[in-house]
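To keep things clear, I will list the structure first and then write my remarks on it.
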Amino acid sequence: MSGLRKGSVAVVGAAESDLGLVAPNTSPLDLKAQGTMRALEDAGLKLSDVDGLFVAATQTRMGPMAFAEYLRIKPRYFDGTIIGGSSFMTHVAHAQAAIEHGLCEVAVIAYGSTQRSVSRAAASPREYNYYESPYRPILPISAYAMAAARHMHEFGTTREQLAEVAVAARKWALMNPKAWEKEPLTIEQVLNARMVSYPFTVRDCCLVVDGGGAIVLTSAARAKTLKKKPVYVLGVGDALGHATISNMPDLTVTVATESGPKAFGMAGLKPADVNMVSLYDAFTITPILFLEDLGFCPKGEGGRFVADGAIAPGGKLPVNTSGGGLSYCHPGMYGLLVMIEAIRQVRGECGQRQVPDCEVALAHGNGGVLSSQCTVLFGSEATL
Amino acid sequence: MISLTEKSPLGTYIEHLKKGELAYQVAENGKAIFFPRAVAPVTGGTLEWRVSKGLGTVYSTTAVHYKGEPPLNVALIDMDEGFRMMSRVEDIDAMDVKIGMRVKFRTHPGDDKQAPYPVFTPVAEGGAR
């Protein structure tokens, strides 16, 4: 993003809260706090070091207030921007700006959700919209389904290619002990699963589980003094497209076409420089769209790009090595976990699923119904 | 600038629907605008109401599966005047609604809780029926 400096800040702590299904009456704030303390421990920092707080959650509408009350801290800088699952990537940009300008020095970006425990309807109630609600789309699923249908119509993308995305995610998930899904998945199982909103079966859709986490950012100078090897923010970019699917001009083109170039431009990098990508996979169509819109393949080629195990372990591009929102964890607004996996890959902490020599990782967030798109490029010291 | 104490954009739209009309707005440059607004997007200028001829083309479509119900169509319709809206194509199985299909507007009357809203039916081969 213009105005921000490549590598001026680094991630020094990253951790998930407990994931999956938490104990009855656990609150989203409990998960945020647990994730925050784990991330601070990861960084070798204390709660009293935190002077910047960034929070977005559907269950805690006035997020920064509620979380500051819970922790009894008085952050010098706070931000509750909420633009869906990509909110946390935008928080990285805002935290970087705040740190560069001395408005805070240690920023925590935190999330927590208990949507599996309390039901999705309770955790994220839909707003009534006269122009859409009477038709009873299952939102957000039906919006993404119509994007997939249009992609199939224009480019010949097939349901089998969509299913490849789910199968690849499952293969990665089987190498991640924290993943929700533990059993193998085949293309036939995806295609024959319960139909939800054509062309999507339930296996084309992300998990509905509890979870959360936090990351800690600080200045590059301070990062060098801390416990772990810093993971630098090389580039960030964000863009707002629309809010409702009826107002998206072309369902096959997202504003990742804007967020991507902003992030790559700031970093002075191109897609070929990226060693692994972490793409918000709320539905099987989304990685396909983002691979195209971020420049990893030409528009319309995403379906063919992911075919034949190309994004699965051993394929040509490691995508969503955690198992993604489809098989690892999707607690409603998944963007924070998208970044945590990219950060861990740059640190070399991913064990069996570690991408060799991972110096640059891209984390891409999506919010609403393909509405907000935010891209962050993370890199090791060697990439500065 | 319109007065919002007398009439709302959605209120005007619903009045048209009750008369069996699908209304939309045009900006000063003639561009069709939907959904109805108090202010023209981009320019911030004024908007004028028009009534659509009611003909459009399916831009995308899905069949929604609710438990215990037949599949329900949800579609995005590109109207000939140049605006897009979400709607439903009726009188046809949800899975038979195809991208590119020509469709014609009619008012769904709604009920006690729901104001009237526009739905569509397939246009018979050879033109509007």
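Lettering and numbering for the structure tokens are positional, with chains as A, B, ... in the shown order, residues counted from 1 in each chain, and ligands counted from 1 in the shown order.
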
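Residue-level contact on chain A: within 7 Å of chain B, counting only C-alpha atoms, the set is A:Tyr131, A:Glu132, A:Tyr135, A:Pro137, A:Ser142, A:Ala145, A:Met146, A:Ala149, A:Arg150, A:Met195, A:Val196, A:Ser197, A:Tyr198, A:Ser246.
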
*Please report, as a count of residues only, each residue of region 44-262 of chain A to which DSSP assigns alpha helix (DSSP H) when run on this structure's backbone.*
78

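Pairwise distance (CA of Lys53 (chain B), CA of Gly82 (chain B)) equals 11.5 Å.
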
*Would you give me, as an MDAnalysis selection string, the residues in region 5-128 of chain B that DSSP reads as strand (DSSP E)?*
chainID B and resid 23:26 32:33 48:51 55:64 72:79 84:87 102:108 117:122

*asked:* When you look at Ala342 (chain A) with a cut-off of 10 Å (counting only C-alpha atoms), what residues show up, excluding the ones that are within fewer than 4 positions of it in the same chain? I need them as a ChimeraX atom specification.
replied: /A:231,275-279,319-322,337-338,346-348,350,358,360-364,376-379

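Among B:Val58, B:Val51, B:Ala38, B:Val89, the residue with the shortest atom-to-atom distance to Ala23 (chain B), counting only C-alpha atoms, is B:Val51.
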